Amino acid sequence: MIFKKVNSLHGEVTVPGDKSVSHRAIMLGSLAEGTTEITNFLQGADCLSTIACFEKMGIHVENNKVSSSNPSDTVVRVKGNGLRGLKAPNSILDVGNSGTTMRLMSGILSAQNFDVTVTGDSSIQKRPMKRIITPLSMMGANITSVNNNDCAPLNIVGGKLKGIHYDSPVASAQVKSAVLLAGLYADNPSSVTEPYVSRNHTELMFRQFGIDIKTSGTTATVSPATRLTAKKIMVPGDISSAAYFIVAGLIVPNSEVLIKNVGINPTRDGIIKVCKQMGANITLQNISDKNGEPTADILVKSSELTGTTIEGSIIPTLIDELPVIAVLACFAKGQTIIKDATELKVKESNRIDVMVHNLSLLGADVIATEDGMIINGGRELHGATIESKIDHRIAMSFAIASLMTEGETEIKQAECVDISYPNFYSDLSGLAM
Ligand SMILES: O=C(O)C1=C[C@@H](OP(=O)(O)O)[C@@H](O)[C@H](O)C1
Ligand SMILES: C=C(OP(=O)(O)O)C(=O)O
């Protein structure tokens, strides 16, 4: 797909529903009694993989997405079978490209009265699963990596679980959530302490479904559950998707962009804090609440930016936004340093290497470090051919960079944006008109 420079961006955009919240709504809805109604569910390939996995375990999901022109009007209905109501699937569960499905669902599968094999695409089969195998095994789960490499496919023999306290070496919501979901079935409370607080959507949604969950500092503790009651869930817009328009609005001159109904949960809003620290003109309007998840409209105006250092506890709150923040840093005055972000190496691609390589092809001054990158902003960028590595965040980041490059930029396998934002390119071109 070919992209060209634009002169300005104007207008409103409504980003699709939050990916993390959409996955969790399907999972908890499946385990609840009654019908869970989800509005603004993300119709991206990752969340559709979660639906497909639970359908294979006997859950009926009504998803009339094709009949609606406005995806946010679609209601997904999950007919839960109760905490003990999942059925043995008659084939392998395939999570596609979705790390969230793989790791969270493994927590649930560890406690079932059947055995199952879970796998995904070639990217998933390279991502580390020891991080969930370790705590789930401590709880009594029987999980083996089929190829003996701590990656998918995983064979999970469900059984009785015991409550544990787990000190997680990584700040990962996927690890935390795998333990908390398994903890619903354990004999005693289970808790997870992480180095920094990661996104807390599981904890917030547990409360909605009537589960006893407590948080204190970087520790979350869940009590075993007896039953979950179906809920109406309104999914906020995904700040990780809004991030592309935030950066676009800031770097393209004479721009003004309003991004409607975006989740601004403080465990996810690091990008807003970093942009403001860099001098961005960003205003939050219409702040409200959706099932305990704060939302706002985000007004972004082109801004003169200066470089900054991004490190420590803010990293988990903007981990998926770091690729597009690296693009932003190319248009800021001075140096931007990203530290403490080794997790970027184990996402859909090695996002440190892929960003540094591709930004260099555009002419940016950027080097990779052990745990992040250093970007010296202010160089003129030019067009190039970019390999997305079938990583949606890479494809979208370079679509944004190309708005400001001289000459054409070609993005290979650009259609991988379907993972988290199927209408991304048409929403972006709508602002350029
Ligand atoms: O729990 C979640 O929904 C997610 C957690 C993050 O992963 P980690 O837990 O591996 O940091 C994030 O990168 C991913 O896109 C979604
Ligand atoms: C890392 C991501 O997702 P997942 O881990 O669910 O594949 C992402 O969406 O950037």
# chains A, B, ... in the order shown; residues from 1 in each chain; ligands from 1
>>> residues_near_ligand(ligand="ligand 2", cutoff="7 Å", atoms="only C-alpha atoms and all ligand atoms", output="list in words")
Asn97, Ser98, Gly99, Thr100, Thr101, Asp320, Lys347, Glu348, Arg393 and Ser420 of chain A
>>> write_last_selection(atoms="C-alpha atoms", output="short mmCIF file (atom, residue, chain, number, x, y, z; two decimals), in the first residue's frame")
data_model
loop_
_atom_site.label_atom_id
_atom_site.label_comp_id
_atom_site.auth_asym_id
_atom_site.auth_seq_id
_atom_site.Cartn_x
_atom_site.Cartn_y
_atom_site.Cartn_z
CA ASN A 97 -2.08 -13.66 16.19
CA SER A 98 -3.44 -12.86 19.66
CA GLY A 99 -1.10 -13.08 22.65
CA THR A 100 -3.89 -11.87 24.93
CA THR A 101 -6.18 -14.76 23.92
CA ASP A 320 1.80 -0.81 22.60
CA LYS A 347 5.46 -8.62 20.79
CA GLU A 348 4.08 -9.55 17.33
CA ARG A 393 1.33 -1.60 15.23
CA SER A 420 -6.81 -4.36 15.94
#
>>> residues_near_ligand(ligand="ligand 1", cutoff="7 Å", atoms="only C-alpha atoms and all ligand atoms", output="list in words")
Lys19, Ser20, Thr100, Ala171, Ser172, Ala173, Gln174, Val175, Ser177, Arg199, Pro316, Ile319, Asp320, Glu343 and Lys347 of chain A
>>> select_by_dssp(residues="stretch 124-242 of chain A", states="alpha helix (DSSP H)", output="ChimeraX atom specification")
/A:130-138,173-183,201-208,239-242
>>> residues_around(residues="A:Gly29", least_positions_apart="4", cutoff="8 Å", atoms="only C-alpha atoms", output="list of chain:residue names")
A:Ala25, A:Glu33, A:Thr35, A:Thr36, A:Val78, A:Lys79, A:Gly80, A:Ala230, A:Lys231
>>> closest_residue(among="A:Ile38, A:Ala220, A:Leu161, A:Ile367", to="A:Tyr196", atoms="only C-alpha atoms")
A:Ala220
>>> residues_around(residues="stretch 238-245 of chain A", least_positions_apart="6", cutoff="9 Å", atoms="only C-alpha atoms", output="PyMOL selection string")
chain A and resi 13-21+42+257-265+268-269+271-272+298+300+318+320-321+324-325+393+396-397+399-400+420-421+424+428
>>> write_last_selection(atoms="C-alpha atoms", output="PDB file, in the first residue's frame")
ATOM      1  CA  VAL A  13     -12.709  10.181  14.267  1.00  0.00           C
ATOM      2  CA  THR A  14     -14.283   7.480  16.428  1.00  0.00           C
ATOM      3  CA  VAL A  15     -11.788   4.696  17.029  1.00  0.00           C
ATOM      4  CA  PRO A  16     -13.049   1.101  17.473  1.00  0.00           C
ATOM      5  CA  GLY A  17     -13.561  -0.593  20.824  1.00  0.00           C
ATOM      6  CA  ASP A  18     -10.687  -1.435  23.145  1.00  0.00           C
ATOM      7  CA  LYS A  19      -9.015  -4.738  22.282  1.00  0.00           C
ATOM      8  CA  SER A  20      -8.124  -5.678  25.873  1.00  0.00           C
ATOM      9  CA  VAL A  21     -11.628  -4.954  27.168  1.00  0.00           C
ATOM     10  CA  LEU A  42     -13.779  -4.597  18.612  1.00  0.00           C
ATOM     11  CA  VAL A 257      -8.332  16.313  15.230  1.00  0.00           C
ATOM     12  CA  LEU A 258     -11.042  15.256  17.692  1.00  0.00           C
ATOM     13  CA  ILE A 259     -10.922  11.593  18.716  1.00  0.00           C
ATOM     14  CA  LYS A 260     -14.229  10.588  20.287  1.00  0.00           C
ATOM     15  CA  ASN A 261     -14.993   8.242  23.169  1.00  0.00           C
ATOM     16  CA  VAL A 262     -11.493   7.009  24.015  1.00  0.00           C
ATOM     17  CA  GLY A 263     -10.677   4.954  27.124  1.00  0.00           C
ATOM     18  CA  ILE A 264      -8.334   6.970  29.364  1.00  0.00           C
ATOM     19  CA  ASN A 265      -7.839   4.429  32.153  1.00  0.00           C
ATOM     20  CA  ARG A 268      -3.291   2.982  29.745  1.00  0.00           C
ATOM     21  CA  ASP A 269      -2.910   6.741  29.364  1.00  0.00           C
ATOM     22  CA  ILE A 271       0.871   8.333  25.787  1.00  0.00           C
ATOM     23  CA  ILE A 272      -1.134  11.390  26.819  1.00  0.00           C
ATOM     24  CA  ILE A 298      -9.358  13.883  22.897  1.00  0.00           C
ATOM     25  CA  VAL A 300      -5.300  17.317  19.409  1.00  0.00           C
ATOM     26  CA  LEU A 318       2.052   2.896  26.906  1.00  0.00           C
ATOM     27  CA  ASP A 320       1.798  -0.810  22.599  1.00  0.00           C
ATOM     28  CA  GLU A 321       2.116   2.899  21.750  1.00  0.00           C
ATOM     29  CA  VAL A 324       4.167   5.380  17.185  1.00  0.00           C
ATOM     30  CA  ILE A 325       5.809   7.375  20.004  1.00  0.00           C
ATOM     31  CA  ARG A 393       1.333  -1.600  15.230  1.00  0.00           C
ATOM     32  CA  MET A 396      -0.038   1.844  11.461  1.00  0.00           C
ATOM     33  CA  SER A 397       3.034   3.648  12.846  1.00  0.00           C
ATOM     34  CA  ALA A 399       1.254   5.049   7.819  1.00  0.00           C
ATOM     35  CA  ILE A 400       1.512   7.970  10.282  1.00  0.00           C
ATOM     36  CA  SER A 420      -6.809  -4.355  15.938  1.00  0.00           C
ATOM     37  CA  TYR A 421      -8.255  -1.706  13.582  1.00  0.00           C
ATOM     38  CA  PHE A 424      -7.754   2.283  10.026  1.00  0.00           C
ATOM     39  CA  LEU A 428      -7.036   8.146   8.394  1.00  0.00           C
TER      40      LEU A 428
END
